[in-house]
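For reference, the structure discussed in these notes is given below.
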Amino acid sequence: MESVSDSDSVRLEVSACLRCLSSSDSSRNITVLQTLLSYLDEASHGAAQRAQFSRSHYSRTLRVLITTIEADWVHRLTARQREELWDALFLRGPPEQALLVLLEAIGELSPSTSLDHVVTITEKFLQDGRLTNLLWSYCVGSAQSDSPQLRETLLGRLSALPDIMANKLHHNISPLFLPQQYYPLLASAMLTALQRTCQALRDNINCSLAFVSQTLGKLCLQGHGGLVLAAMAPRLSACTRSDMVWQRVCWKLFESIPQRSMECVLTALVLAVSGPESLGRIVGNLVLRNKKAEFVITHKLLLLQYKYETGVLRTVLGYLAADRDRRPLLIQVLRCICQAWANPSAVKHTPMEQQLYVSKALLLSVSLLKDQELQDLRSELLQCLLGGMQSHLDSSVLRIRCVGMVVGECLSSRMDNADTKLKFEYEQDEETRELLSLMTPSGWCEPEPVDGSESLQETKELAPNTCSVASQRRQTTPPLAPTDPDSDLDSDDELTPYDMTEDQEVSQTSPPRYLRDCLESLMSSEDAMRVELSLKAADPLVRRNAFAAREISVQMSKVLLHMEDKYNIQGFLILRHAAMVALAVTDCIPVTQYLTTEFYSLNYSLRQRLDMLEVLVAAAQELSLPTTDKKNSSIISALDVAELPPFQGHDPVHWRQVVEKRIQSKTRRISKGASQPATAKATPNRYAPVAGYFFFPLLKNYDKPEVTFDLLGSDHLVLGRLIHSLGLFMHLAVNAPVAAQMGSALLDFVWTVRYHTDQMVRRGVLFAVCSVFLSMPSQNLLLDLGDMLFETRTWLTDVAEGDPDADCRSLAVQSLVLLDKSLKKQLKDPQSPSLES
């Protein structure tokens with residue numbers, strides 16, 4: 001009966017106080033505030049009365065205070081009275097109820113001094129460590145009215161407090177409410193709650209981490225895990241290094257994470273920790289106890305996501321390999337990665353970034369295997385090596401082939417200790433060097449000490465040792481023996497050598513002076529020096545003797561096309577290419593007809609067919625340039641120095657230019673008008689009349705497989721280069737009369753291969769479509785291709801959204817922009833013909 005009477009007395013007294021606050025009697029209201037504040041003081045009331053007030057009347061009291069915040073008696077309070085009575089009621093009661101009321105009031109109040117007052121109280125709430133009290137109250141079970149609805153509401157307010165304040169205050173928000181300060185502050189409160197939990201467990205006091213785990217999960221689920229765990233992970237790693245109680249508390253913390261938040265929490269934690277050892281100490285064997293955690297660690301972070309750095313792979317795989325109970329998962333992961341890496345469909349349809357990520361995971365997994373595990377998996381790794389190498393080397397993308405070669409070398413060297421190992425020739429770059437470095441185990445250096453003084457002390461202790469080691473090295477290094485000028489050694493080592501860097505080798509063979517002599521040497525000569533000089537002289541001879549070149553252009557092109565580098569001539573491919581381009585430019589139509597006809601002929605290698613396309617593309621580019629901008633001969637031999645222009649010191653015009661420049665620099669002018677730009681001289685476009693000879697013959701016979709050539713089958717590398725070359729011919733034919741006909745034919749050609757499995761072919765198709773939209777007149781685009789434009793736009797939209805290759809997506813977006821620009825330009829022109837006409 002006493003408890004009932006105590007409950008009634010508290011209810012009656014609080015109701016009377018709240019009625020009094022709603023009136024305007026300022027003298028009595030100060031006493032009322034003191035009475036209400038006494039229920040939060042342990043010395044004034046008993047535990048039952050204080051609990052009754054906190055549980056049933058505290059929130060209602062705060063809401064009444066918010067409703068009377070603009071009353072006259074509130075404004076007549078002094079600053080000290082307001083701080084000690086009015087504000088104290090928000091800062092000394094149950095923190096979860098106070099925070100909810102404060103945020104509710106901020107959302108309801110309009111911009112005014114009252115709103116500023118409530119915001120100030122909320123700022124004090126955060127600064128006084130009330131977040132720590134809130135979390136700790138849920139750890140020890142002292143939180144009032146812990147219903148599921150209240151808990152979910154509180155979690156939402158805690159995680160979204162910066163958003164709530166920003167939506168209300170806009171640019172007047174306090175820095176404490178910004179995410180960069182609030183979330184680390186909340187992380188510090190969670191760390192303090194965990195520290196108190198560890199101490200309570202040592203004192204045999206039961207605690208619960210469910211609310212802290214739910215808070216961490218909610219924060220990570222809303223995208224704030226990076227800020228929170230970046231502040232928590234170093235402290236957790238340091239505390240769990242040698243303290244088993246901290247380890248058990250951390251394990252329980254992450255085991256209690258809700259399932260829907262597990263992926264976000266683990267991902268943020270893996271990104272925040274400093275290595276696999278830290279991850280193992282913080283989460284323990286969570287991956288063995290929680291199926292969602294196992295899926296995230298063994299599958300999601302390794303096979304489905306590929307945006308992370310190599311350090312994430314090291315952390316995840318190192319975590320699986322660090323414990324005996326977790327090593328079976330490492331074997332399971334390795335099998336899945338082998339299947340993904342060797343899958344031909346994955347090589348064709350997944351982005352290059354994901355393939356590189358899987359390759360790194362494969363190499364790291366193999367490097368972590370023990371010898372016995374490696375022997376048990378030898379057959380599976382060998383099958384992965386053979387199948388994956390075939391899939392990667394068949395790709396037309398150079399990066400994919402390089403990745404396949406590097407992974408093949410590393411796997412073969414790891415599986416076979418004999419001298420016979422795979423060795424490929426490829427250019428080493430940053431990407432290949434990183435892949436090779438993954439086979440070398442690297443130790444993690446963790447900055448474990450939390451206190452800066454400890455690390456400073458360690459630095460001071462290590463510094464003398466480092467200096468001593470350096471001094472020892474200087475002492476042990478033998479001094480260089482001084483040179484004795486009177487040495488009696490009978491040796492030529494002291495003779496100073498002559499500088500021979502500018503010397504040139506004198507050749508007995510002279511370069512050919514006539515084009516037919518050059519052709520004869522290339523056809524029948526067995527002298528390596530003569531062939532080399534003839535090949536070097538071919539390009540300038542063709543360009544200087546256009547009349548003679550036209551007589552033998554086709555014959556010389558045939559000789560150069562079939563020519564092999566029998567004598568290991570330096571720059572052979574460049575010299576041969578330059579000579580063939582010179583022939584195609586000098587005698588355009590016959591040479592172009594020969595190359596385009598031979599492209600689909602029998603008994604040519606893929607390299608020769610690619611050479612034909614490269615020569616045609618280079619010739620078209622040179623022909624499209626204005627004559628004044630045309631570059632000179634690409635190769636000038638060292639023996640042609642006599643044909644270079646004379647030295648400027650002997651040129652009589654040179655000194656006049658120097659004098660004129662000096663006069664201009666010394667002349668002072670008060671005003672100088674804008675200089676008139678030099679008018680460009682109109683030159684004929686040499687490519688426009690012959691564009692059809694480059695373009696249309698290459699569209700014939702593409703669908704007829706030959707004995708050594710299957711363009712729509714296995715030779716997709718040549719198909720991609722062909723489509724790209726056709727797109728370039730189309731781009732160079734802008735403003736040419738034949739451009740509309742070329743554009744229609746090119747779209748019909750590429751439409752059948754727009755869904756090709758090889759990404760190089762898809763890139764070529766999109767480049768060709770982009771060239772059509774860029775070069776084809778807008779009126780012809782609307783009239784000739786009106787039926788295809790809607791379907792083309794739909795296809796481009798699908799490619800821009802879902803193609804695995806980044807270049808394909810970018811080209812699709814560019815094509816859509818060009819198409820929209822052309823159509824808008826045409827539809828805005830009132831004199832342009834419409835679709836109906």
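Lettering and numbering for the structure tokens are positional, with chains as A, B, ... in the shown order, residues counted from 1 in each chain, and ligands counted from 1 in the shown order.
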
For range 428-430 of chain A: contacts at 12 Å, only C-alpha atoms, fewer than 5 positions along chain excluded, given as a PyMOL selection string: chain A and resi 399+402-403+405-406+435-437

Shell of 9 Å around Met556 in chain A, only C-alpha atoms, local chain residues under 2 positions omitted, as an MDAnalysis selection string: chainID A and resid 519 522:523 549 552:554 558:561 580 583

Expected file: the selected residues, N, CA and C atoms, as a compact mmCIF listing (two decimals), in the first residue's frame:
```
# COMPACT_ATOMS: atom_id res chain seq x y z
N LEU A 519 63.43 -1.09 -105.09
CA LEU A 519 62.54 -2.24 -105.20
C LEU A 519 63.32 -3.51 -105.50
N LEU A 522 64.96 -4.78 -102.33
CA LEU A 522 64.00 -5.39 -101.40
C LEU A 522 63.52 -6.75 -101.88
N MET A 523 63.50 -6.96 -103.19
CA MET A 523 63.00 -8.23 -103.73
C MET A 523 64.04 -9.33 -103.71
N ALA A 549 56.88 6.40 -108.71
CA ALA A 549 56.20 5.57 -107.73
C ALA A 549 54.89 5.02 -108.28
N ILE A 552 55.21 1.60 -110.19
CA ILE A 552 55.50 0.35 -109.47
C ILE A 552 54.81 0.31 -108.11
N SER A 553 53.80 1.13 -107.90
CA SER A 553 53.20 1.24 -106.56
C SER A 553 52.60 -0.07 -106.10
N VAL A 554 51.80 -0.73 -106.94
CA VAL A 554 51.15 -1.98 -106.53
C VAL A 554 52.18 -3.08 -106.32
N LYS A 558 53.02 -4.94 -102.73
CA LYS A 558 52.96 -6.39 -102.56
C LYS A 558 54.26 -6.91 -101.94
N VAL A 559 55.40 -6.40 -102.42
CA VAL A 559 56.69 -6.82 -101.86
C VAL A 559 56.79 -6.46 -100.39
N LEU A 560 56.42 -5.23 -100.05
CA LEU A 560 56.50 -4.80 -98.65
C LEU A 560 55.53 -5.58 -97.76
N LEU A 561 54.34 -5.90 -98.26
CA LEU A 561 53.36 -6.62 -97.46
C LEU A 561 53.85 -8.02 -97.10
N MET A 580 54.74 1.78 -97.00
CA MET A 580 53.44 1.41 -97.56
C MET A 580 52.46 2.58 -97.49
N LEU A 583 53.26 4.92 -100.34
CA LEU A 583 52.74 4.41 -101.61
C LEU A 583 51.23 4.64 -101.71
```

Computed interatomic separation between CA of Thr350 in chain A and CA of Val813 in chain A (Å):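 So the two atoms, CA of Thr350 in chain A and CA of Val813 in chain A, lie 19.3 Å apart.
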
One-decimal distance in Å that lies between CA of Gln149 in chain A and CA of Leu221 in chain A: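 These two atoms are separated by 18.7 Å.
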
Close residues, Met439 in chain A itself excluded, 10 Å, only C-alpha atoms, min 2 positions apart in chain, as a list in words: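 The contact residues come out as Lys360, Leu362, Leu363, Leu364, Ser365, Val366, Ser367, Leu368, Val407, Cys410, Leu411, Ser413, Arg414, Glu434, Leu435, Leu436, Ser437, Pro441 and Ser442 of chain A.
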
Residue nearest Ser278 in chain A among A:Cys239, A:Leu36, A:Leu781, A:Ala548 (counting only C-alpha atoms):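 Among the listed residues, the smallest separation from Ser278 in chain A belongs to A:Cys239.
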
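Of the listed residues (A:Val585, A:Met776, A:Ala105, A:Leu766), A:Leu766 comes nearest to Thr797 in chain A; the distances count only C-alpha atoms.
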
Contact residues around range 190-194 of chain A with only C-alpha atoms at 10 Å, ignoring same-chain residues under 2 positions, as a PyMOL selection string: chain A and resi 129+131-139+184-188+196-200+207+209+212-213+215-216+228+231-233+235-236+246+249-250+253

Secondary structure check, helix (DSSP H, G or I) residues of range 286-434 of chain A, as a PyMOL selection string: chain A and resi 286-289+291-304+310-321+327-342+344-349+352-367+371-376+378-393+398-415+430-434

For C-alpha atoms, I'd like the residues from the last selection saved as a short mmCIF file (atom, residue, chain, number, x, y, z; two decimals), in the first residue's frame.
```cif
data_model
loop_
_atom_site.label_atom_id
_atom_site.label_comp_id
_atom_site.auth_asym_id
_atom_site.auth_seq_id
_atom_site.Cartn_x
_atom_site.Cartn_y
_atom_site.Cartn_z
CA LEU A 286 32.33 -14.70 -36.33
CA VAL A 287 32.60 -16.06 -39.85
CA LEU A 288 32.03 -19.59 -38.47
CA ARG A 289 29.04 -18.69 -36.29
CA LYS A 291 26.01 -17.42 -42.06
CA LYS A 292 25.56 -13.83 -43.21
CA ALA A 293 29.05 -12.94 -42.06
CA GLU A 294 30.42 -16.01 -43.85
CA PHE A 295 28.70 -14.97 -47.08
CA VAL A 296 30.03 -11.41 -46.84
CA ILE A 297 33.61 -12.43 -46.05
CA THR A 298 33.98 -15.43 -48.36
CA HIS A 299 31.82 -14.39 -51.28
CA LYS A 300 30.61 -10.79 -51.35
CA LEU A 301 33.92 -9.03 -50.73
CA LEU A 302 35.88 -11.38 -53.00
CA LEU A 303 33.68 -12.27 -55.97
CA LEU A 304 30.80 -9.79 -56.19
CA THR A 310 44.39 -4.70 -52.63
CA GLY A 311 44.68 -4.11 -48.87
CA VAL A 312 41.08 -5.29 -48.41
CA LEU A 313 41.92 -8.58 -50.13
CA ARG A 314 44.98 -9.00 -47.93
CA THR A 315 42.89 -8.37 -44.82
CA VAL A 316 40.07 -10.77 -45.73
CA LEU A 317 42.22 -13.64 -46.98
CA GLY A 318 44.76 -13.15 -44.22
CA TYR A 319 41.95 -13.31 -41.68
CA LEU A 320 40.77 -16.64 -43.10
CA ALA A 321 44.31 -18.05 -43.12
CA ARG A 327 41.54 -22.30 -42.95
CA PRO A 328 38.91 -24.65 -44.50
CA LEU A 329 37.07 -21.52 -45.58
CA LEU A 330 40.27 -20.33 -47.30
CA ILE A 331 40.34 -23.57 -49.31
CA GLN A 332 36.67 -23.13 -50.17
CA VAL A 333 37.28 -19.55 -51.25
CA LEU A 334 40.23 -20.58 -53.41
CA ARG A 335 38.12 -23.14 -55.26
CA CYS A 336 35.44 -20.53 -56.00
CA ILE A 337 38.03 -17.98 -57.15
CA CYS A 338 39.63 -20.57 -59.46
CA GLN A 339 36.29 -21.28 -61.09
CA ALA A 340 35.60 -17.57 -61.55
CA TRP A 341 39.05 -16.84 -62.97
CA ALA A 342 39.00 -19.75 -65.45
CA PRO A 344 35.50 -18.16 -70.32
CA SER A 345 32.13 -16.44 -70.01
CA ALA A 346 33.40 -14.33 -67.11
CA VAL A 347 36.44 -13.27 -69.13
CA LYS A 348 34.15 -12.05 -71.93
CA HIS A 349 31.29 -10.50 -69.97
CA MET A 352 38.30 -5.57 -66.65
CA GLU A 353 38.42 -4.14 -63.14
CA GLN A 354 36.58 -7.17 -61.75
CA GLN A 355 38.86 -9.59 -63.62
CA LEU A 356 41.91 -7.84 -62.19
CA TYR A 357 40.38 -7.97 -58.70
CA VAL A 358 39.70 -11.73 -58.98
CA SER A 359 43.24 -12.28 -60.27
CA LYS A 360 44.67 -10.51 -57.22
CA ALA A 361 42.49 -12.62 -54.93
CA LEU A 362 43.67 -15.79 -56.67
CA LEU A 363 47.36 -14.94 -56.29
CA LEU A 364 46.94 -13.90 -52.65
CA SER A 365 45.04 -17.11 -51.83
CA VAL A 366 47.71 -19.30 -53.44
CA SER A 367 50.47 -17.43 -51.64
CA ASP A 371 52.84 -26.95 -48.90
CA GLN A 372 50.54 -29.80 -47.94
CA GLU A 373 47.43 -27.82 -48.91
CA LEU A 374 49.09 -26.91 -52.19
CA GLN A 375 49.73 -30.57 -52.98
CA ASP A 376 46.12 -31.47 -52.19
CA ARG A 378 47.44 -29.33 -57.25
CA SER A 379 45.07 -30.93 -59.78
CA GLU A 380 42.42 -28.22 -59.32
CA LEU A 381 44.99 -25.45 -59.64
CA LEU A 382 46.44 -27.06 -62.75
CA GLN A 383 42.99 -27.28 -64.31
CA CYS A 384 42.36 -23.64 -63.41
CA LEU A 385 45.72 -22.67 -64.88
CA LEU A 386 45.15 -24.41 -68.21
CA GLY A 387 41.55 -23.29 -68.69
CA GLY A 388 42.11 -19.76 -67.45
CA MET A 389 45.23 -19.24 -69.54
CA GLN A 390 43.38 -20.31 -72.67
CA SER A 391 40.48 -17.95 -71.93
CA HIS A 392 42.72 -14.98 -71.17
CA LEU A 393 45.13 -15.45 -74.07
CA LEU A 398 45.87 -6.52 -74.22
CA ARG A 399 45.35 -5.98 -70.48
CA ILE A 400 43.44 -9.24 -70.16
CA ARG A 401 46.18 -11.14 -71.97
CA CYS A 402 48.85 -9.58 -69.77
CA VAL A 403 46.91 -10.49 -66.62
CA GLY A 404 46.57 -14.07 -67.87
CA MET A 405 50.29 -14.33 -68.55
CA VAL A 406 51.29 -12.91 -65.15
CA VAL A 407 48.89 -15.17 -63.24
CA GLY A 408 50.04 -18.17 -65.28
CA GLU A 409 53.67 -17.48 -64.44
CA CYS A 410 52.93 -17.04 -60.73
CA LEU A 411 50.79 -20.18 -60.43
CA SER A 412 53.28 -22.35 -62.31
CA SER A 413 56.17 -21.10 -60.17
CA ARG A 414 54.18 -21.77 -56.99
CA MET A 415 53.08 -25.27 -57.98
CA GLU A 430 52.54 -0.83 -62.53
CA GLU A 431 49.69 -3.30 -62.86
CA THR A 432 51.85 -6.33 -63.68
CA ARG A 433 54.40 -5.44 -61.01
CA GLU A 434 51.64 -5.32 -58.41
#
```

Selection near Ala806 in chain A, 10 Å with only C-alpha atoms, sequence-local residues under 3 positions removed, as a PyMOL selection string: chain A and resi 351-353+759+763+800+802-803+809-812

Dump of C-alpha atoms for the selected residues, as a JSON list (two decimals), in the first residue's frame:
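Contents of the output file again-v8.json:
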```
[["chain", "number", "residue", "atom", "x", "y", "z"],
["A", 351, "PRO", "CA", 34.54, -5.69, -66.51],
["A", 352, "MET", "CA", 38.30, -5.57, -66.65],
["A", 353, "GLU", "CA", 38.42, -4.14, -63.14],
["A", 759, "GLN", "CA", 34.28, -6.26, -75.83],
["A", 763, "ARG", "CA", 33.82, -0.94, -78.69],
["A", 800, "ALA", "CA", 24.98, 2.74, -71.45],
["A", 802, "GLY", "CA", 24.28, -2.43, -68.46],
["A", 803, "ASP", "CA", 27.40, -3.14, -70.54],
["A", 809, "ARG", "CA", 29.26, 2.56, -71.63],
["A", 810, "SER", "CA", 31.12, 5.82, -72.25],
["A", 811, "LEU", "CA", 30.87, 5.46, -76.05],
["A", 812, "ALA", "CA", 27.16, 4.68, -75.78]]
```

Output as CSV one row per residue of range 9-57 of chain A within 12 Å of range 83-86 of chain A: the closest atom pair and its distance in Å to one decimal place, counting only C-alpha atoms, sorted by chain and residue number ascending.
```
residue,atom,partner,partner_atom,distance
A:Leu21,CA,A:Trp86,CA,11.4
A:Asn29,CA,A:Leu85,CA,10.4
A:Ile30,CA,A:Leu85,CA,7.8
A:Thr31,CA,A:Leu85,CA,9.6
A:Val32,CA,A:Leu85,CA,9.7
A:Leu33,CA,A:Leu85,CA,6.1
A:Gln34,CA,A:Leu85,CA,6.6
A:Thr35,CA,A:Leu85,CA,9.9
A:Leu36,CA,A:Leu85,CA,9.2
A:Leu37,CA,A:Leu85,CA,7.1
A:Ser38,CA,A:Leu85,CA,10.2
A:Leu40,CA,A:Leu85,CA,11.6
```

CA of Asn545 in chain A to CA of Phe599 in chain A, distance in Å rounded to a single decimal: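 One can read the CA of Asn545 in chain A to CA of Phe599 in chain A distance as 27.5 Å.
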
Shortest interatomic distance to Lys536 in chain A - which of A:Gly225, A:Pro162, A:Gly764, A:Pro512, counting only C-alpha atoms: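 Of A:Gly225, A:Pro162, A:Gly764, A:Pro512, the one nearest Lys536 in chain A is A:Pro512, counting only C-alpha atoms.
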
Phe749 in chain A environment, 10 Å, only C-alpha atoms, sequence neighbours closer than 5 positions dropped, as a ChimeraX atom specification: /A:699,702,723,743-744,754,765

For the residues in that selection, give me N, CA and C atoms as a PDB file, in the first residue's frame.
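Dumped to selection05.pdb:
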```pdb
ATOM      1  N   LEU A 699      33.494  -3.855 -97.045  1.00  0.00           N
ATOM      2  CA  LEU A 699      32.198  -4.384 -96.618  1.00  0.00           C
ATOM      3  C   LEU A 699      31.795  -5.625 -97.404  1.00  0.00           C
ATOM      4  N   TYR A 702      32.492 -10.188 -95.954  1.00  0.00           N
ATOM      5  CA  TYR A 702      32.830 -10.332 -94.537  1.00  0.00           C
ATOM      6  C   TYR A 702      32.162 -11.550 -93.907  1.00  0.00           C
ATOM      7  N   ILE A 723      36.006  -2.958 -87.888  1.00  0.00           N
ATOM      8  CA  ILE A 723      34.902  -2.037 -87.593  1.00  0.00           C
ATOM      9  C   ILE A 723      35.441  -0.689 -87.134  1.00  0.00           C
ATOM     10  N   GLY A 743      27.407   6.236 -94.201  1.00  0.00           N
ATOM     11  CA  GLY A 743      26.782   6.072 -92.893  1.00  0.00           C
ATOM     12  C   GLY A 743      25.698   5.018 -92.892  1.00  0.00           C
ATOM     13  N   SER A 744      24.858   5.000 -93.912  1.00  0.00           N
ATOM     14  CA  SER A 744      23.804   3.990 -93.983  1.00  0.00           C
ATOM     15  C   SER A 744      24.393   2.594 -94.103  1.00  0.00           C
ATOM     16  N   ARG A 754      26.163  -6.056 -83.032  1.00  0.00           N
ATOM     17  CA  ARG A 754      26.135  -5.109 -81.919  1.00  0.00           C
ATOM     18  C   ARG A 754      26.112  -5.807 -80.566  1.00  0.00           C
ATOM     19  N   VAL A 765      32.000  -1.271 -82.636  1.00  0.00           N
ATOM     20  CA  VAL A 765      30.644  -0.980 -83.100  1.00  0.00           C
ATOM     21  C   VAL A 765      30.179   0.377 -82.574  1.00  0.00           C
TER      22      VAL A 765
END
```
